[in-house]
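Data from work_3.tsv: TSV, C-alpha atoms
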chain	number	residue	atom	x	y	z
Y	30	HIS	CA	-5.69	15.09	-0.31
Y	31	GLY	CA	-4.26	11.71	0.72
Y	32	SER	CA	-1.48	11.43	3.27
Y	33	TRP	CA	1.44	13.04	1.44
Y	34	GLU	CA	0.14	16.41	0.27
Y	35	PRO	CA	1.01	19.27	2.67
Y	36	GLY	CA	-1.51	21.99	3.43
Y	37	ARG	CA	-3.42	23.92	6.07
Y	38	LEU	CA	-6.49	21.71	6.40
Y	39	PRO	CA	-7.04	20.26	9.90
Y	40	THR	CA	-6.54	16.76	8.45
Y	41	GLN	CA	-3.11	17.66	7.06
Y	42	GLY	CA	-0.50	17.33	9.77
Y	43	PRO	CA	3.05	18.64	9.50
Y	44	LEU	CA	5.36	16.57	7.35
Y	45	PRO	CA	8.12	14.86	9.35
Y	46	SER	CA	11.75	15.59	8.64
Y	47	ALA	CA	13.68	13.25	6.34
Y	48	ARG	CA	14.89	10.01	7.92
Y	49	PRO	CA	17.16	7.23	6.60
Y	50	ALA	CA	14.32	4.68	6.94
Y	51	ASP	CA	11.87	6.71	4.83
Y	52	LEU	CA	10.43	4.70	1.96
Y	53	LEU	CA	10.46	6.40	-1.44
Y	54	ALA	CA	8.23	5.04	-4.20
Y	55	PHE	CA	9.09	4.49	-7.87
Y	56	LYS	CA	7.03	3.28	-10.82
Y	57	ALA	CA	7.55	2.75	-14.55
Y	58	HIS	CA	5.85	1.00	-17.47
Y	59	PHE	CA	7.61	-1.34	-19.90
Y	60	ARG	CA	6.74	-2.73	-23.32
Y	61	ASN	CA	7.67	-6.14	-24.74
Y	62	SER	CA	8.20	-7.72	-21.34
Y	63	ASP	CA	8.30	-11.51	-20.95
Y	64	LEU	CA	6.30	-11.44	-17.71
Y	65	PRO	CA	3.79	-14.32	-18.05
Y	66	ALA	CA	0.12	-13.35	-18.27
Y	67	GLY	CA	-1.71	-13.64	-14.97
Y	68	TRP	CA	1.41	-13.25	-12.83
Y	69	MET	CA	1.71	-10.55	-10.15
Y	70	PRO	CA	5.05	-11.30	-8.50
Y	71	LEU	CA	6.19	-9.80	-5.21
Y	72	LEU	CA	9.72	-8.41	-5.45
Y	73	ALA	CA	11.86	-8.65	-2.32
Y	74	PHE	CA	15.28	-7.01	-2.37
Y	75	PRO	CA	17.65	-5.46	0.20
Y	76	GLY	CA	16.20	-2.20	1.48
Y	77	GLY	CA	12.94	-2.39	-0.41
Y	78	TYR	CA	10.09	-4.32	-1.98
Y	79	GLY	CA	7.90	-4.06	-5.05
Y	80	GLY	CA	5.69	-5.79	-7.57
Y	81	MET	CA	5.06	-6.30	-11.28
Y	82	VAL	CA	1.79	-6.74	-13.15
Y	83	ARG	CA	0.45	-6.63	-16.68
Y	84	CYS	CA	-1.78	-3.62	-17.22
Y	85	ASP	CA	-3.45	-1.86	-20.17
Y	86	ASP	CA	-2.34	-1.98	-23.79
Y	87	GLY	CA	0.09	-4.85	-23.26
Y	88	ARG	CA	2.33	-2.93	-20.91
Y	89	VAL	CA	3.92	-4.20	-17.70
Y	90	SER	CA	4.04	-1.99	-14.62
Y	91	LEU	CA	6.89	-2.22	-12.12
Y	92	SER	CA	6.43	-0.34	-8.85
Y	93	CYS	CA	8.51	-0.43	-5.70
Y	94	CYS	CA	9.49	1.26	-2.47
Y	95	ILE	CA	13.07	1.65	-1.27
Y	96	ARG	CA	14.64	3.09	1.85
Y	97	ARG	CA	16.14	6.56	1.53
Y	98	ASP	CA	19.56	5.44	2.80
Y	99	ARG	CA	19.65	2.45	0.45
Y	100	LEU	CA	18.74	4.70	-2.48
Y	101	ALA	CA	21.60	7.04	-1.63
Y	102	SER	CA	23.98	4.08	-1.53
Y	103	ILE	CA	22.97	2.57	-4.87
Y	104	ARG	CA	23.04	5.95	-6.60
Y	105	ARG	CA	26.73	6.16	-5.75
Y	106	GLN	CA	27.20	2.81	-7.50
Y	107	HIS	CA	25.10	3.36	-10.63
Y	108	SER	CA	25.09	6.15	-13.17
Y	109	GLY	CA	21.89	7.60	-14.61
Y	110	ASP	CA	18.77	8.75	-12.86
Y	111	ALA	CA	17.38	7.43	-9.60
Y	112	GLY	CA	14.83	5.12	-11.22
Y	113	ASP	CA	17.46	3.37	-13.36
Y	114	ALA	CA	19.67	2.91	-10.30
Y	115	VAL	CA	16.76	1.35	-8.40
Y	116	LEU	CA	16.02	-1.01	-11.31
Y	117	ALA	CA	19.66	-2.11	-11.49
Y	118	HIS	CA	19.56	-2.82	-7.74
Y	119	ILE	CA	16.36	-4.86	-8.11
Y	120	GLU	CA	17.69	-6.89	-11.05
Y	121	LYS	CA	20.80	-7.75	-9.05
Y	122	SER	CA	18.65	-9.41	-6.37
Y	123	CYS	CA	15.67	-10.61	-8.44
Y	124	LEU	CA	16.76	-12.61	-11.49
Y	125	GLY	CA	13.11	-12.97	-12.51
Y	126	VAL	CA	12.88	-9.22	-13.05
Y	127	LYS	CA	16.07	-9.26	-15.11
Y	128	HIS	CA	14.73	-12.04	-17.32
Y	129	ALA	CA	11.25	-10.50	-17.66
Y	130	LEU	CA	12.67	-7.14	-18.76
Y	131	ALA	CA	15.62	-8.42	-20.84
Y	132	GLY	CA	13.97	-7.52	-24.12
Y	133	ALA	CA	11.70	-4.78	-22.81
Y	134	SER	CA	11.88	-1.02	-23.21
Y	135	ARG	CA	10.77	1.52	-20.66
Y	136	GLU	CA	7.90	3.76	-21.72
Y	137	SER	CA	8.23	7.42	-20.71
Y	138	THR	CA	10.00	8.52	-17.53
Y	139	TRP	CA	10.09	7.09	-14.04
Y	140	LEU	CA	7.43	8.31	-11.63
Y	141	ALA	CA	8.39	8.93	-8.01
Y	142	ALA	CA	6.61	9.90	-4.79
Y	143	GLY	CA	7.06	9.85	-1.06
Y	144	PRO	CA	8.10	9.29	1.49
Y	145	ILE	CA	5.08	7.06	2.00
Y	146	ARG	CA	3.42	7.25	5.41
Y	147	PRO	CA	2.14	3.87	6.63
Y	148	GLY	CA	0.22	4.14	9.89
Y	149	ILE	CA	-3.12	4.99	11.48
Y	150	ARG	CA	-4.46	8.55	11.49
Y	151	VAL	CA	-8.22	8.01	11.67
Y	152	ASP	CA	-8.75	10.31	14.68
Y	153	ALA	CA	-9.72	13.87	13.76
Y	154	PRO	CA	-11.45	16.93	15.24
Y	155	THR	CA	-15.20	16.55	15.85
Y	156	GLY	CA	-17.19	16.76	12.62
Y	157	ILE	CA	-14.23	15.84	10.38
Y	158	PHE	CA	-13.97	12.27	9.12
Y	159	ARG	CA	-10.91	10.86	7.38
Y	160	VAL	CA	-11.06	8.16	4.72
Y	161	GLY	CA	-8.53	6.64	2.34
Y	162	ASN	CA	-4.86	6.94	3.22
Y	163	ALA	CA	-5.58	10.18	5.05
Y	164	ALA	CA	-7.17	7.90	7.69
Y	165	GLY	CA	-4.54	5.21	7.54
Y	166	GLU	CA	-2.12	3.62	5.13
Y	167	ALA	CA	-0.83	0.08	4.79
Y	168	HIS	CA	2.54	-0.69	3.24
Y	169	PRO	CA	1.99	-1.07	-0.53
Y	170	VAL	CA	3.51	-4.55	-0.28
Y	171	VAL	CA	-0.03	-5.90	0.35
Y	172	ALA	CA	-1.65	-3.85	-2.47
Y	173	GLU	CA	-4.62	-2.83	-0.31
Y	174	GLY	CA	-4.56	0.96	-0.76
Y	175	ILE	CA	-7.48	1.41	-3.17
Y	176	SER	CA	-9.48	-1.33	-1.45
Y	177	MET	CA	-9.05	0.33	1.95
Y	178	ALA	CA	-9.97	3.73	0.49
Y	179	MET	CA	-13.21	2.44	-1.03
Y	180	GLN	CA	-14.17	0.35	1.98
Y	181	SER	CA	-13.43	3.09	4.51
Y	182	SER	CA	-15.59	5.48	2.46
Y	183	TRP	CA	-18.41	2.95	2.50
Y	184	LEU	CA	-17.94	2.39	6.23
Y	185	LEU	CA	-18.19	6.13	6.87
Y	186	ALA	CA	-21.28	6.42	4.67
Y	187	GLN	CA	-22.89	3.60	6.69
Y	188	THR	CA	-22.08	5.41	9.92
Y	189	LEU	CA	-23.43	8.77	8.76
Y	190	ILE	CA	-26.61	7.23	7.34
Y	191	ALA	CA	-27.27	5.65	10.74
Y	192	TRP	CA	-26.60	9.01	12.44
Y	193	LYS	CA	-28.99	10.77	10.05
Y	194	SER	CA	-31.73	8.18	10.64
Y	195	GLN	CA	-31.47	8.92	14.38
Y	196	GLY	CA	-32.11	12.62	13.88
Y	197	GLY	CA	-28.70	13.85	12.73
Y	198	ARG	CA	-28.13	16.01	15.80
Y	199	ARG	CA	-24.82	17.88	15.83
Y	200	GLY	CA	-24.36	17.09	19.49
Y	201	MET	CA	-23.97	13.42	18.52
Y	202	LEU	CA	-21.08	14.03	16.10
Y	203	SER	CA	-18.40	13.33	18.68
Y	204	ALA	CA	-19.95	9.93	19.44
Y	205	VAL	CA	-20.34	9.26	15.69
Y	206	GLN	CA	-16.65	10.10	15.19
Y	207	ASN	CA	-15.63	7.72	17.98
Y	208	ASP	CA	-17.85	4.96	16.59
Y	209	TYR	CA	-16.44	5.35	13.08
Y	210	ALA	CA	-12.84	5.41	14.36
Y	211	ALA	CA	-13.46	2.24	16.40
Y	212	GLN	CA	-15.02	0.45	13.42
Y	213	TRP	CA	-12.15	1.61	11.20
Y	214	ARG	CA	-9.56	0.22	13.59
Y	215	ARG	CA	-11.33	-3.14	13.88
Y	216	SER	CA	-11.53	-3.37	10.09
Y	217	PHE	CA	-8.16	-2.04	8.97
Y	218	ALA	CA	-5.62	-1.97	11.80
Y	219	PRO	CA	-4.80	-5.71	11.42
Y	220	ARG	CA	-4.04	-5.12	7.73
Y	221	ILE	CA	-1.67	-2.29	8.56
Y	222	TRP	CA	0.16	-4.34	11.20
Y	223	ALA	CA	0.41	-7.32	8.82
Y	224	SER	CA	1.67	-5.10	5.99
Y	225	CYS	CA	4.35	-3.68	8.28
Y	226	ALA	CA	5.57	-7.15	9.22
Y	227	LEU	CA	5.57	-8.30	5.59
Y	228	ALA	CA	7.37	-5.15	4.40
Y	229	HIS	CA	10.17	-5.52	6.94
Y	230	TRP	CA	10.50	-9.21	6.03
Y	231	ALA	CA	10.74	-8.39	2.30
Y	232	MET	CA	13.43	-5.73	2.79
Y	233	ARG	CA	15.83	-8.10	4.56
Y	234	ALA	CA	17.65	-10.72	2.52
Y	235	LEU	CA	18.32	-13.21	5.34
Y	236	PRO	CA	14.70	-13.64	6.54
Y	237	VAL	CA	13.54	-13.96	2.92
Y	238	SER	CA	16.11	-16.65	2.09
Y	239	LEU	CA	15.36	-18.57	5.29
Y	240	SER	CA	11.59	-18.56	4.80
Y	241	LEU	CA	11.40	-19.48	1.11
Y	242	PRO	CA	11.92	-23.23	1.71
Y	243	ALA	CA	9.00	-23.22	4.17
Y	244	ILE	CA	6.76	-21.42	1.66
Y	245	ARG	CA	7.67	-23.96	-1.04
Y	246	CYS	CA	6.82	-26.85	1.30
Y	247	PHE	CA	3.67	-25.26	2.70
Y	248	PRO	CA	2.16	-23.03	-0.03
Y	249	LYS	CA	-1.03	-22.60	2.00
Y	250	ILE	CA	0.96	-20.06	4.00
Y	251	LEU	CA	0.15	-17.69	1.12
Y	252	ASN	CA	-3.58	-18.23	1.68
Y	253	TRP	CA	-3.13	-17.36	5.36
Y	254	GLY	CA	-1.18	-14.26	4.36
Y	255	ALA	CA	-3.97	-13.18	2.03
Y	256	ARG	CA	-6.49	-13.46	4.86
Y	257	ILE	CA	-4.52	-11.46	7.42
Y	258	THR	CA	-3.88	-8.68	4.89
Y	259	GLY	CA	-7.61	-8.26	4.22
Y	260	LYS	CA	-7.94	-9.90	0.81
Y	261	ALA	CA	-10.89	-11.98	1.96
Y	262	SER	CA	-12.43	-9.49	4.42
Y	263	ALA	CA	-15.70	-7.66	3.79
Y	264	VAL	CA	-16.00	-4.45	5.80
Y	265	VAL	CA	-19.48	-3.48	4.60
Y	266	ARG	CA	-22.66	-5.44	5.32
Y	267	PRO	CA	-23.61	-7.75	2.43
Y	268	SER	CA	-27.23	-6.56	2.70
Y	269	LEU	CA	-26.14	-3.13	1.44
Y	270	PHE	CA	-25.26	-4.66	-1.92
Y	271	ALA	CA	-28.88	-5.77	-2.46
Y	272	ARG	CA	-30.82	-3.50	-4.77
Y	273	LYS	CA	-34.07	-2.23	-3.30
Y	274	ASN	CA	-37.26	-2.96	-5.25
Would you mind writing the file out in structure tokens?
Amino acid sequence: HGSWEPGRLPTQGPLPSARPADLLAFKAHFRNSDLPAGWMPLLAFPGGYGGMVRCDDGRVSLSCCIRRDRLASIRRQHSGDAGDAVLAHIEKSCLGVKHALAGASRESTWLAAGPIRPGIRVDAPTGIFRVGNAAGEAHPVVAEGISMAMQSSWLLAQTLIAWKSQGGRRGMLSAVQNDYAAQWRRSFAPRIWASCALAHWAMRALPVSLSLPAIRCFPKILNWGARITGKASAVVRPSLFARKN
């Protein structure tokens, strides 16, 4: 059920009340964009962040998150629906987006979701194990959501296989839960903290403008950023990839 869907399951907590700092997500596809092939730019703009990428059938996807209070402000300045107002706000700050979409046309309607819920929620009642963004969610600025979901599922499977090989006694489930939660935190908590820092940097114009000269002079900073956000981290044991004869 992910982290956003409300319900009565023990893994579905109450949804918090609306706050100005809530991040709302938007996404749309465009045709005939001039975004160069192979590019996946990070978009940093006041009150939000996003990204663009080429996807199937020649389309370009633009997705972003924006603070609730910033969205309310820009909607008072722009006519049309919320997605178009967000795009106008992005193009004002990111000339690359404006150029890439100058001759493009949006396909279908804007998609929206949220507020997103970055954070750690891996703890659960005994016998219930959370995976995916029900267990924890990084800011989408690092694009690690699907990776974390798949790896946390694999990590849980590893843990339960070990429990089963030791007899699978129900009395051990509490210890198994604690072990899985500890492994999850070691594997994913640094990514969530890093994504939070990067998201708050991207949403503020002054830190972005001050840091760009350093990034241009020392591009290896991007390699370091990729490592701390989990791009080069393997959660599962490599031996599990080997096919048994």
### Message
Set the distance at 9 Å and use only C-alpha atoms: which residues neighbour Trp192 in chain Y once local chain neighbours fewer than 6 positions away are removed? I'd like the list as a ChimeraX atom specification.
### Response
/Y:198,201-202,205
Only C-alpha atoms, please: the residues just picked out, written as a CSV table (one decimal), in the frame of the given file.
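Generated output (out.csv):
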chain,number,residue,atom,x,y,z
Y,198,ARG,CA,-28.1,16.0,15.8
Y,201,MET,CA,-24.0,13.4,18.5
Y,202,LEU,CA,-21.1,14.0,16.1
Y,205,VAL,CA,-20.3,9.3,15.7
#### Entry: Within 8 Å of Leu140 in chain Y using all atoms listed in the file, minus same-chain residues under 4 positions, as a PyMOL selection string
chain Y and resi 55-57
### Task
Please write as a ChimeraX atom specification the list of polymer residues whose atoms come within 12 Å of (1.5, -14.4, -10.8), counting only C-alpha atoms and keeping to the coordinates of the file.
/Y:64-72,80-83,125
### Message
Taking (-1.8, 6.8, 6.5) in the coordinates of the supplied file, I want to know which residues reach to within 12 Å of it, counting all atoms listed in the file; could you give the answer as a PyMOL selection string?
### Response
chain Y and resi 30-34+40-42+144-152+159-169+174+177-178+217-218+221
### Query
To one decimal place, how far is CA of Phe158 in chain Y from CA of Arg214 in chain Y in Å?
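A separation of 13.6 Å between them.
Considering all atoms listed in the file, the residue among Y:Val170, Y:Cys93, Y:Leu38, Y:Val264 positioned nearest to Ser224 in chain Y is Y:Val170.
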### Query
Between Y:Ala117, Y:Phe59, Y:Ala73, Y:Leu185, which one has atoms that come closest to Ser90 in chain Y, using only C-alpha atoms?
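When distances to Ser90 in chain Y are compared using only C-alpha atoms, the smallest one comes from Y:Phe59.
Atom pair CA of Ser122 in chain Y / CA of Asp63 in chain Y: separated by 18.0 Å.
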### Message
Give me, as JSON, numbers by chain, all polymer residues having an atom no more than 12 Å from Asp113 in chain Y, counting all atoms listed in the file and skipping those fewer than 2 positions away in the same chain.
### Response
{"Y": [55, 56, 57, 100, 103, 104, 106, 107, 108, 109, 110, 111, 115, 116, 117, 118, 119, 120, 135, 138, 139, 140, 141]}
### Query
Which of these, Y:Cys94, Y:Ala133, Y:Leu189, Y:Ala210, has the shortest distance to Gly76 in chain Y once you count all atoms listed in the file?
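Answer, going by the shortest atom-to-atom distance: Y:Cys94.
CA of Ser194 in chain Y lies 23.6 Å from CA of Ala263 in chain Y.
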Show me, as AutoDock Vina command-line options, the centre and edge lengths in Å to one decimal of the axis-aligned box that covers every listed atom of range 147-157 of chain Y with 8 Å on each side.
--center_x -7.5 --center_y 10.4 --center_z 11.2 --size_x 35.3 --size_y 29.1 --size_z 25.2
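If you measure from each of Y:Gly112, Y:Phe74, Y:Gly197, Y:Leu251 to Trp230 in chain Y using all atoms listed in the file, the closest one turns out to be Y:Phe74.
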### Task
Counting all atoms listed in the file, figure out which residue out of Y:His58, Y:Arg37, Y:Ile95, Y:Ala204 gets nearest to Ser137 in chain Y.
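Residue with the minimum atom-to-atom distance to Ser137 in chain Y: Y:His58.
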Quick one: everything within 7 Å of Gly143 in chain Y, counting all atoms listed in the file, minus sequence neighbours fewer than 6 positions away in the same chain. Send it as a CSV table (one decimal) with C-alpha atoms, in the frame of the given file.
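What ended up in result32.csv:
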chain,number,residue,atom,x,y,z
Y,33,TRP,CA,1.4,13.0,1.4
Y,52,LEU,CA,10.4,4.7,2.0
Y,53,LEU,CA,10.5,6.4,-1.4
Y,54,ALA,CA,8.2,5.0,-4.2
### Message
When you count only C-alpha atoms, which of these residues is closest to Asp208 in chain Y: Y:Leu184, Y:Leu239, Y:Ala131, Y:Val171?
### Response
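Residue with the minimum atom-to-atom distance to Asp208 in chain Y: Y:Leu184.
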